[in-house]
>>> print(open('protein.pdb').read())   # PDB, C-alpha atoms
MODEL        1
ATOM      1  CA  MET U 557     174.308 156.650 150.994
ATOM      2  CA  GLY U 558     171.716 159.248 150.071
ATOM      3  CA  ILE U 559     168.141 159.605 151.161
ATOM      4  CA  GLU U 560     165.556 157.719 149.128
ATOM      5  CA  ILE U 561     162.281 159.468 148.364
ATOM      6  CA  GLU U 562     159.486 157.474 146.804
ATOM      7  CA  PHE U 563     156.607 159.259 145.050
ATOM      8  CA  ILE U 564     153.447 157.199 145.106
ATOM      9  CA  SER U 565     150.403 157.804 142.947
ATOM     10  CA  SER U 566     146.975 157.602 144.530
ATOM     11  CA  GLU U 567     146.137 154.831 142.040
ATOM     12  CA  MET U 568     148.691 152.609 143.740
ATOM     13  CA  LEU U 569     146.651 152.746 146.952
ATOM     14  CA  ASP U 570     143.206 152.641 145.376
ATOM     15  CA  ASP U 571     142.719 148.886 145.613
ATOM     16  CA  LYS U 572     144.029 148.624 149.193
ATOM     17  CA  ASN U 573     141.809 148.614 152.247
ATOM     18  CA  GLU U 574     142.855 150.716 155.244
ATOM     19  CA  ASN U 575     144.881 147.970 156.952
ATOM     20  CA  GLU U 576     146.712 147.125 153.730
ATOM     21  CA  LYS U 577     147.409 150.800 153.130
ATOM     22  CA  MET U 578     148.936 151.242 156.606
ATOM     23  CA  ARG U 579     151.046 148.106 156.225
ATOM     24  CA  PHE U 580     152.221 149.234 152.788
ATOM     25  CA  ILE U 581     153.254 152.646 154.133
ATOM     26  CA  LEU U 582     154.988 151.377 157.265
ATOM     27  CA  GLU U 583     156.894 148.646 155.430
ATOM     28  CA  LYS U 584     158.441 151.250 153.170
ATOM     29  CA  ILE U 585     159.169 153.683 155.992
ATOM     30  CA  LYS U 586     160.915 150.970 157.971
ATOM     31  CA  LYS U 587     163.200 150.570 154.949
ATOM     32  CA  ASN U 588     164.231 154.176 155.591
ATOM     33  CA  LYS U 589     162.309 155.733 152.721
ATOM     34  CA  ILE U 590     160.492 159.028 152.672
ATOM     35  CA  LEU U 591     157.145 158.717 150.919
ATOM     36  CA  VAL U 592     155.306 161.423 149.043
ATOM     37  CA  ILE U 593     151.787 160.183 148.390
ATOM     38  CA  GLU U 594     149.472 161.805 145.892
ATOM     39  CA  GLU U 595     146.561 161.983 148.303
ATOM     40  CA  SER U 596     145.740 163.277 151.728
ATOM     41  CA  LEU U 597     145.156 160.678 154.426
ATOM     42  CA  SER U 598     141.925 161.322 156.298
ATOM     43  CA  SER U 599     142.073 162.115 160.011
ATOM     44  CA  LEU U 600     140.760 158.646 160.816
ATOM     45  CA  GLU U 601     143.434 157.077 158.589
ATOM     46  CA  GLU U 602     146.072 159.206 160.301
ATOM     47  CA  THR U 603     145.062 157.993 163.763
ATOM     48  CA  HIS U 604     145.018 154.435 162.448
ATOM     49  CA  LEU U 605     148.536 155.013 161.117
ATOM     50  CA  ILE U 606     149.646 156.369 164.508
ATOM     51  CA  GLU U 607     148.218 153.303 166.265
ATOM     52  CA  GLU U 608     149.992 150.950 163.838
ATOM     53  CA  THR U 609     153.211 152.915 164.200
ATOM     54  CA  MET U 610     153.065 152.766 167.996
ATOM     55  CA  SER U 611     152.568 149.005 167.921
ATOM     56  CA  GLN U 612     155.746 148.625 165.839
ATOM     57  CA  ILE U 613     158.105 150.934 167.741
ATOM     58  CA  ASP U 614     161.191 149.273 169.151
ATOM     59  CA  GLU U 615     164.859 150.122 169.701
ATOM     60  CA  LYS U 616     165.489 150.354 165.936
ATOM     61  CA  PHE U 617     162.287 152.049 164.785
ATOM     62  CA  SER U 618     161.251 155.140 166.737
ATOM     63  CA  GLY U 619     158.223 156.204 164.751
ATOM     64  CA  ILE U 620     157.279 158.525 161.936
ATOM     65  CA  GLU U 621     156.922 162.121 160.932
ATOM     66  CA  VAL U 622     153.851 162.736 158.851
ATOM     67  CA  SER U 623     152.368 165.825 157.312
ATOM     68  CA  THR U 624     149.430 166.274 154.978
ATOM     69  CA  LEU U 625     148.014 168.916 152.724
ATOM     70  CA  LYS U 626     144.279 168.478 152.691
ATOM     71  CA  GLU U 627     142.150 168.156 149.585
ATOM     72  CA  ARG U 628     140.786 171.299 148.058
ATOM     73  CA  THR U 629     137.486 172.098 149.705
ATOM     74  CA  SER U 630     136.383 174.794 147.272
ATOM     75  CA  GLY U 631     132.798 174.765 146.241
ATOM     76  CA  GLY U 632     133.584 174.805 142.511
ATOM     77  CA  ILE U 633     131.315 172.650 140.352
ATOM     78  CA  ARG U 634     134.212 170.563 139.033
ATOM     79  CA  ASP U 635     135.548 169.713 142.506
ATOM     80  CA  ARG U 636     132.080 169.046 143.875
ATOM     81  CA  LEU U 637     131.342 166.703 140.984
ATOM     82  CA  ILE U 638     134.616 164.842 141.481
ATOM     83  CA  ARG U 639     133.924 164.431 145.194
ATOM     84  CA  PHE U 640     130.309 163.389 144.496
ATOM     85  CA  LEU U 641     131.630 160.638 142.223
ATOM     86  CA  GLY U 642     133.955 159.431 144.967
ATOM     87  CA  GLY U 643     137.083 161.015 143.548
ATOM     88  CA  ARG U 644     139.721 163.082 145.294
ATOM     89  CA  THR U 645     140.485 166.703 144.634
ATOM     90  CA  GLY U 646     144.169 166.961 145.331
ATOM     91  CA  GLY U 647     145.914 166.601 148.650
ATOM     92  CA  LEU U 648     149.330 165.262 149.517
ATOM     93  CA  THR U 649     150.918 163.236 152.310
ATOM     94  CA  VAL U 650     154.588 163.190 153.238
ATOM     95  CA  ILE U 651     155.702 160.455 155.639
ATOM     96  CA  GLY U 652     159.097 159.266 156.745
ATOM     97  CA  PRO U 653     160.998 157.672 159.587
ATOM     98  CA  SER U 654     161.442 160.064 162.511
ATOM     99  CA  ARG U 655     165.161 159.297 162.842
ATOM    100  CA  LEU U 656     165.658 160.507 159.269
ATOM    101  CA  ILE U 657     163.394 163.562 159.308
ATOM    102  CA  LYS U 658     164.915 166.241 161.459
ATOM    103  CA  LYS U 659     162.235 168.840 161.065
ATOM    104  CA  VAL U 660     158.819 169.290 159.493
ATOM    105  CA  LYS U 661     157.229 172.681 159.246
ATOM    106  CA  LYS U 662     153.645 172.592 158.163
ATOM    107  CA  GLU U 663     151.688 175.456 156.720
ATOM    108  CA  PRO U 664     148.182 175.362 155.255
ATOM    109  CA  GLN U 665     149.469 175.251 151.670
ATOM    110  CA  LYS U 666     152.984 173.887 151.942
ATOM    111  CA  ILE U 667     155.198 171.505 153.876
ATOM    112  CA  LEU U 668     158.876 172.128 154.555
ATOM    113  CA  LEU U 669     160.931 169.103 155.427
ATOM    114  CA  LEU U 670     164.522 168.712 156.524
ATOM    115  CA  ALA U 671     165.999 165.220 156.373
ATOM    116  CA  GLU U 672     169.443 164.090 157.386
ATOM    117  CA  LYS U 673     170.990 160.674 157.558
ATOM    118  CA  LYS U 674     173.031 159.823 160.647
ATOM    119  CA  LYS U 675     176.644 159.168 159.716
TER     120      LYS U 675
ATOM    121  CA  MET Z 396     122.623 170.994 174.945
ATOM    122  CA  PHE Z 397     124.142 170.533 178.323
ATOM    123  CA  GLY Z 398     121.816 168.727 180.698
ATOM    124  CA  ARG Z 399     121.964 169.553 184.375
ATOM    125  CA  ARG Z 400     122.211 165.968 185.589
ATOM    126  CA  LYS Z 401     124.298 164.544 182.809
ATOM    127  CA  ILE Z 402     127.838 163.480 183.641
ATOM    128  CA  ILE Z 403     130.207 164.891 181.052
ATOM    129  CA  ARG Z 404     133.064 162.601 180.146
ATOM    130  CA  LEU Z 405     135.703 165.240 179.569
ATOM    131  CA  GLY Z 406     138.781 164.037 177.670
ATOM    132  CA  PHE Z 407     142.068 165.934 177.936
ATOM    133  CA  TYR Z 408     143.836 165.458 174.618
ATOM    134  CA  GLY Z 409     146.960 166.940 173.100
ATOM    135  CA  PRO Z 410     150.637 166.341 172.459
ATOM    136  CA  PRO Z 411     153.012 165.374 175.299
ATOM    137  CA  ASN Z 412     153.999 168.153 177.729
ATOM    138  CA  ALA Z 413     151.195 170.519 176.745
ATOM    139  CA  GLY Z 414     150.098 170.642 180.389
ATOM    140  CA  LYS Z 415     147.124 168.264 180.289
ATOM    141  CA  THR Z 416     147.750 166.720 183.696
ATOM    142  CA  THR Z 417     148.580 170.086 185.270
ATOM    143  CA  LEU Z 418     145.255 171.432 184.027
ATOM    144  CA  ALA Z 419     143.321 168.315 185.080
ATOM    145  CA  ASN Z 420     144.994 168.541 188.506
ATOM    146  CA  ARG Z 421     144.042 172.208 188.805
ATOM    147  CA  ILE Z 422     140.362 171.395 188.201
ATOM    148  CA  ALA Z 423     140.389 168.307 190.412
ATOM    149  CA  MET Z 424     142.265 170.037 193.264
ATOM    150  CA  ASP Z 425     139.934 173.046 193.187
ATOM    151  CA  TRP Z 426     136.793 170.943 193.478
ATOM    152  CA  THR Z 427     137.799 167.673 195.147
ATOM    153  CA  GLY Z 428     141.069 168.485 196.890
ATOM    154  CA  GLU Z 429     142.764 165.556 195.176
ATOM    155  CA  PRO Z 430     144.979 165.534 192.043
ATOM    156  CA  VAL Z 431     144.418 163.369 188.969
ATOM    157  CA  GLY Z 432     148.023 162.392 188.355
ATOM    158  CA  LYS Z 433     151.707 163.130 188.609
ATOM    159  CA  VAL Z 434     153.386 165.741 186.409
ATOM    160  CA  SER Z 435     156.940 165.743 185.104
ATOM    161  CA  GLU Z 436     159.138 167.648 182.696
ATOM    162  CA  ILE Z 437     160.110 164.334 181.111
ATOM    163  CA  PRO Z 438     157.696 163.708 178.231
ATOM    164  CA  HIS Z 439     155.152 160.884 178.464
ATOM    165  CA  GLU Z 440     154.763 160.998 182.238
ATOM    166  CA  THR Z 441     151.108 160.037 181.719
ATOM    167  CA  ARG Z 442     151.205 156.632 180.085
ATOM    168  CA  GLU Z 443     147.762 155.391 181.089
ATOM    169  CA  VAL Z 444     144.403 157.136 181.101
ATOM    170  CA  GLN Z 445     143.965 158.767 184.519
ATOM    171  CA  LYS Z 446     140.466 159.376 185.810
ATOM    172  CA  LYS Z 447     138.782 161.485 188.413
ATOM    173  CA  GLU Z 448     135.085 160.739 188.546
ATOM    174  CA  ARG Z 449     132.125 162.888 189.539
ATOM    175  CA  VAL Z 450     133.912 166.202 189.837
ATOM    176  CA  VAL Z 451     131.179 168.743 190.555
ATOM    177  CA  VAL Z 452     131.912 172.284 189.377
ATOM    178  CA  GLN Z 453     129.720 175.341 189.905
ATOM    179  CA  THR Z 454     129.865 177.982 187.200
ATOM    180  CA  LYS Z 455     127.540 180.959 186.800
ATOM    181  CA  GLY Z 456     124.604 179.226 188.437
ATOM    182  CA  LYS Z 457     125.126 175.998 186.526
ATOM    183  CA  LYS Z 458     126.330 172.742 187.966
ATOM    184  CA  LEU Z 459     128.705 170.658 185.862
ATOM    185  CA  ILE Z 460     129.288 167.053 186.817
ATOM    186  CA  MET Z 461     132.340 165.738 185.030
ATOM    187  CA  ASN Z 462     134.456 162.648 184.792
ATOM    188  CA  LEU Z 463     137.934 163.979 184.063
ATOM    189  CA  LEU Z 464     139.822 161.709 181.668
ATOM    190  CA  ASP Z 465     143.452 162.725 181.445
ATOM    191  CA  MET Z 466     144.912 161.074 178.343
ATOM    192  CA  PRO Z 467     148.497 160.159 177.530
ATOM    193  CA  GLY Z 468     149.987 162.643 175.059
ATOM    194  CA  ILE Z 469     149.541 161.701 171.414
ATOM    195  CA  ALA Z 470     152.704 161.521 169.313
ATOM    196  CA  THR Z 471     153.825 159.970 166.036
ATOM    197  CA  LYS Z 472     157.261 159.046 167.392
ATOM    198  CA  ILE Z 473     158.670 157.839 170.691
ATOM    199  CA  ASP Z 474     162.427 157.455 170.794
ATOM    200  CA  TYR Z 475     163.840 155.955 173.963
ATOM    201  CA  GLU Z 476     167.063 157.862 173.281
ATOM    202  CA  ASP Z 477     165.188 161.104 174.025
ATOM    203  CA  PHE Z 478     164.588 159.881 177.581
ATOM    204  CA  LEU Z 479     168.307 159.233 178.077
ATOM    205  CA  LYS Z 480     168.830 163.001 177.789
ATOM    206  CA  HIS Z 481     166.691 163.361 180.926
ATOM    207  CA  GLY Z 482     169.039 161.101 182.896
ATOM    208  CA  LEU Z 483     167.126 157.802 182.654
ATOM    209  CA  SER Z 484     169.055 154.547 182.375
ATOM    210  CA  ILE Z 485     168.788 152.632 179.086
ATOM    211  CA  ASP Z 486     166.497 150.030 180.666
ATOM    212  CA  ASP Z 487     164.245 152.673 182.214
ATOM    213  CA  ALA Z 488     164.185 154.683 178.978
ATOM    214  CA  GLN Z 489     163.228 151.651 176.909
ATOM    215  CA  GLN Z 490     160.562 150.658 179.414
ATOM    216  CA  ARG Z 491     159.167 154.190 179.448
ATOM    217  CA  ALA Z 492     159.089 154.226 175.634
ATOM    218  CA  LYS Z 493     157.259 150.906 175.545
ATOM    219  CA  GLU Z 494     154.667 152.100 178.044
ATOM    220  CA  ALA Z 495     154.312 155.404 176.194
ATOM    221  CA  THR Z 496     153.505 153.642 172.896
ATOM    222  CA  ARG Z 497     150.734 151.718 174.652
ATOM    223  CA  GLY Z 498     149.520 154.981 176.152
ATOM    224  CA  VAL Z 499     149.152 156.617 172.749
ATOM    225  CA  ILE Z 500     147.120 153.659 171.475
ATOM    226  CA  GLU Z 501     144.943 153.787 174.605
ATOM    227  CA  ALA Z 502     144.338 157.530 174.192
ATOM    228  CA  ILE Z 503     143.204 156.989 170.583
ATOM    229  CA  LYS Z 504     140.885 154.133 171.568
ATOM    230  CA  TRP Z 505     139.297 156.372 174.230
ATOM    231  CA  LEU Z 506     138.239 158.878 171.565
ATOM    232  CA  GLU Z 507     135.021 156.875 171.287
ATOM    233  CA  ASN Z 508     134.294 157.338 174.968
ATOM    234  CA  VAL Z 509     134.411 161.068 175.550
ATOM    235  CA  ASP Z 510     131.498 163.509 175.358
ATOM    236  CA  THR Z 511     133.605 166.649 175.088
ATOM    237  CA  ALA Z 512     137.295 167.037 174.348
ATOM    238  CA  LEU Z 513     139.689 169.646 175.626
ATOM    239  CA  VAL Z 514     142.559 169.804 173.161
ATOM    240  CA  VAL Z 515     145.366 171.263 175.229
ATOM    241  CA  MET Z 516     148.180 173.121 173.460
ATOM    242  CA  ASP Z 517     151.297 174.843 174.725
ATOM    243  CA  SER Z 518     150.918 178.540 173.804
ATOM    244  CA  THR Z 519     154.673 178.938 173.442
ATOM    245  CA  LYS Z 520     154.817 176.407 170.581
ATOM    246  CA  ASP Z 521     153.709 176.334 166.955
ATOM    247  CA  PRO Z 522     150.145 174.988 167.130
ATOM    248  CA  TYR Z 523     149.907 174.072 163.454
ATOM    249  CA  THR Z 524     151.309 170.570 163.860
ATOM    250  CA  GLN Z 525     150.101 167.372 162.289
ATOM    251  CA  VAL Z 526     149.340 165.839 165.698
ATOM    252  CA  ASN Z 527     147.054 168.735 166.666
ATOM    253  CA  ILE Z 528     145.396 168.700 163.248
ATOM    254  CA  THR Z 529     144.908 164.939 163.388
ATOM    255  CA  ILE Z 530     143.391 164.987 166.888
ATOM    256  CA  ILE Z 531     140.992 167.790 166.009
ATOM    257  CA  GLY Z 532     140.082 166.242 162.637
ATOM    258  CA  ASN Z 533     139.356 162.969 164.365
ATOM    259  CA  LEU Z 534     137.109 164.573 166.973
ATOM    260  CA  GLU Z 535     135.287 166.503 164.231
ATOM    261  CA  ALA Z 536     134.769 163.281 162.264
ATOM    262  CA  ARG Z 537     133.204 161.730 165.384
ATOM    263  CA  ASN Z 538     131.082 164.835 166.000
ATOM    264  CA  ILE Z 539     132.558 165.336 169.484
ATOM    265  CA  PRO Z 540     132.548 168.961 170.730
ATOM    266  CA  VAL Z 541     136.062 170.406 170.808
ATOM    267  CA  ILE Z 542     137.305 173.161 173.105
ATOM    268  CA  ILE Z 543     140.877 174.197 172.470
ATOM    269  CA  VAL Z 544     142.844 175.179 175.543
ATOM    270  CA  ALA Z 545     145.690 177.594 174.895
ATOM    271  CA  ASN Z 546     147.678 176.644 177.982
ATOM    272  CA  LYS Z 547     150.772 178.156 179.619
ATOM    273  CA  VAL Z 548     149.724 181.756 178.930
ATOM    274  CA  ASP Z 549     151.693 182.752 182.035
ATOM    275  CA  LEU Z 550     154.939 182.155 180.128
ATOM    276  CA  LYS Z 551     156.748 185.092 178.541
ATOM    277  CA  ASP Z 552     156.870 183.526 175.059
ATOM    278  CA  ALA Z 553     153.180 182.571 175.010
ATOM    279  CA  LYS Z 554     151.329 183.523 171.829
ATOM    280  CA  PRO Z 555     147.823 182.097 172.244
ATOM    281  CA  GLU Z 556     146.543 184.143 169.307
ATOM    282  CA  ARG Z 557     148.485 181.796 167.001
ATOM    283  CA  ILE Z 558     146.280 178.961 168.253
ATOM    284  CA  GLN Z 559     143.158 180.978 167.553
ATOM    285  CA  ASP Z 560     144.414 181.754 164.043
ATOM    286  CA  ALA Z 561     145.266 178.106 163.349
ATOM    287  CA  PHE Z 562     141.898 176.706 164.493
ATOM    288  CA  PRO Z 563     139.278 179.419 163.989
ATOM    289  CA  GLN Z 564     136.472 176.850 163.751
ATOM    290  CA  HIS Z 565     136.626 176.005 167.496
ATOM    291  CA  PRO Z 566     136.367 177.985 170.737
ATOM    292  CA  VAL Z 567     139.793 178.759 172.198
ATOM    293  CA  VAL Z 568     140.176 179.442 175.929
ATOM    294  CA  LYS Z 569     143.435 180.983 177.101
ATOM    295  CA  VAL Z 570     144.498 179.616 180.490
ATOM    296  CA  SER Z 571     147.393 178.818 182.737
ATOM    297  CA  GLY Z 572     146.733 175.451 184.359
ATOM    298  CA  LEU Z 573     149.779 175.960 186.550
ATOM    299  CA  LYS Z 574     148.730 179.363 187.899
ATOM    300  CA  GLY Z 575     144.992 178.757 187.707
ATOM    301  CA  LYS Z 576     144.497 181.727 185.414
ATOM    302  CA  ASN Z 577     141.159 182.034 183.571
ATOM    303  CA  ILE Z 578     139.933 178.563 184.560
ATOM    304  CA  ASP Z 579     136.415 179.946 185.138
ATOM    305  CA  SER Z 580     136.202 180.784 181.422
ATOM    306  CA  LEU Z 581     137.038 177.188 180.686
ATOM    307  CA  TYR Z 582     134.143 175.965 182.864
ATOM    308  CA  GLU Z 583     131.826 178.340 181.043
ATOM    309  CA  ALA Z 584     133.024 177.017 177.681
ATOM    310  CA  ILE Z 585     132.487 173.426 178.851
ATOM    311  CA  ALA Z 586     128.967 174.289 179.999
ATOM    312  CA  GLU Z 587     128.207 176.048 176.721
ATOM    313  CA  HIS Z 588     129.641 173.562 174.259
ATOM    314  CA  SER Z 589     129.149 170.147 175.883
ATOM    315  CA  ARG Z 590     126.350 167.908 174.759
TER     316      ARG Z 590
ENDMDL
END
>>> encode(input="protein.pdb", output="structure tokens")
Amino acid sequence: MGIEIEFISSEMLDDKNENEKMRFILEKIKKNKILVIEESLSSLEETHLIEETMSQIDEKFSGIEVSTLKERTSGGIRDRLIRFLGGRTGGLTVIGPSRLIKKVKKEPQKILLLAEKKK
Amino acid sequence: MFGRRKIIRLGFYGPPNAGKTTLANRIAMDWTGEPVGKVSEIPHETREVQKKERVVVQTKGKKLIMNLLDMPGIATKIDYEDFLKHGLSIDDAQQRAKEATRGVIEAIKWLENVDTALVVMDSTKDPYTQVNITIIGNLEARNIPVIIVANKVDLKDAKPERIQDAFPQHPVVKVSGLKGKNIDSLYEAIAEHSR
């Protein structure tokens, strides 16, 4: 069996409130999927995700690895206008089950991830 | 600004094994003669918030009155199998993991109840981790003053400048909680940055 990676557009999460978003993410991770989401979770969402994860840890599920690239914060007119209108200006989140992700190396503009399935 | 009579609720945040309890113990022992909690090389030794109230510290003519709040380490994963490697039985490892998960939740809930946060990092490790970024981002979102503690500078592999480079927006104080090195600078930073 290979490793399943699911790429999720930000539109797919648009109509979900924070609780629904966390449930959606964790349900998929507990099915041993790595998710690449087309948006950056906010710091408050990340702590919410950690809390939810902790409440679900047991002998089979040991938690998550998560890494985000933040939205562009440039002061360009286009980006400022998008943000003013409530839109997002990029960003990315990679999340997966910790037993599958062996290593995550985060840098300001890239994420390196090593995943390996136990035989 | 820091008020002379105000009690500062000082939260010690950071990942497991960064030396939070060792640092809190250093401060508490120096000024009260009593430790805050037990330390261990096994991660998640602190699984409940540990408090030492009304610790009075004198620094450069100022008096700081602090409630030290030593938080469980924040992590995104807790695998009981990791504790087995430290010689714990399966039952003990699973129990420790369960308590540790509750500790992480408790530490996050306490974010609302601190006036100033020390984010403690191990200077021998890569500071640019999601946990560190998440903790700091969360404190910034709540407008809580952050002082980053580059701990364990007594170790040969310590590179505290990496911490400074990773988080240039916050004051970074280089200390060794274990050896008591540069703790006075930390008191000065607390006095300067606390509200």
>>> resolve_selection(input="protein.pdb", expression="the PyMOL selection byres ((chain Z) within 10 of (chain U))", output="ChimeraX atom specification")
/Z:469-476,489,492-493,495-504,521-526,528-537,561
>>> atom_distance(input="protein.pdb", atom1="atom CA of U:Glu576", atom2="atom CA of U:Ile657")
24.1 Å
>>> atom_distance(input="protein.pdb", atom1="atom CA of U:Ser566", atom2="atom CA of U:Lys584")
15.7 Å
>>> residues_around(input="protein.pdb", residues="U:Lys626", least_positions_apart="5", cutoff="7 Å", atoms="only C-alpha atoms", output="list in words")
Ser596, Gly647 and Leu648 of chain U
>>> closest_residue(input="protein.pdb", among="U:Leu670, U:Ile633, U:Met557, U:Met568", to="U:Gly652", atoms="all atoms listed in the file")
U:Leu670
>>> closest_residue(input="protein.pdb", among="Z:Trp426, Z:Phe478, Z:Phe407, Z:Phe562", to="Z:Asn508", atoms="all atoms listed in the file")
Z:Phe407
>>> atom_distance(input="protein.pdb", atom1="atom CA of Z:Ile437", atom2="atom CA of Z:Ile485")
14.7 Å
>>> closest_residue(input="protein.pdb", among="Z:Leu459, Z:Ile539, Z:Val434, Z:Ala586", to="Z:Leu573", atoms="all atoms listed in the file")
Z:Val434
>>> closest_residue(input="protein.pdb", among="Z:Asp549, Z:Glu583, Z:Asp487, Z:Asp465", to="Z:Val570", atoms="all atoms listed in the file")
Z:Asp549
>>> axis_aligned_box(input="protein.pdb", around="stretch 566-580 of chain U", padding_each_side="8 Å", output="lines of an AutoDock Vina configuration file")
center_x = 147.0
center_y = 152.4
center_z = 149.5
size_x = 26.4
size_y = 26.5
size_z = 30.9
>>> residues_around(input="protein.pdb", residues="Z:Thr519", least_positions_apart="3", cutoff="10 Å", atoms="only C-alpha atoms", output="CSV table (one decimal) with C-alpha atoms, in the frame of the given file")
chain,number,residue,atom,x,y,z
Z,413,ALA,CA,151.2,170.5,176.7
Z,516,MET,CA,148.2,173.1,173.5
Z,522,PRO,CA,150.1,175.0,167.1
Z,545,ALA,CA,145.7,177.6,174.9
Z,546,ASN,CA,147.7,176.6,178.0
Z,547,LYS,CA,150.8,178.2,179.6
Z,548,VAL,CA,149.7,181.8,178.9
Z,549,ASP,CA,151.7,182.8,182.0
Z,550,LEU,CA,154.9,182.2,180.1
Z,551,LYS,CA,156.7,185.1,178.5
Z,552,ASP,CA,156.9,183.5,175.1
Z,553,ALA,CA,153.2,182.6,175.0
Z,554,LYS,CA,151.3,183.5,171.8
Z,555,PRO,CA,147.8,182.1,172.2
Z,557,ARG,CA,148.5,181.8,167.0
Z,558,ILE,CA,146.3,179.0,168.3
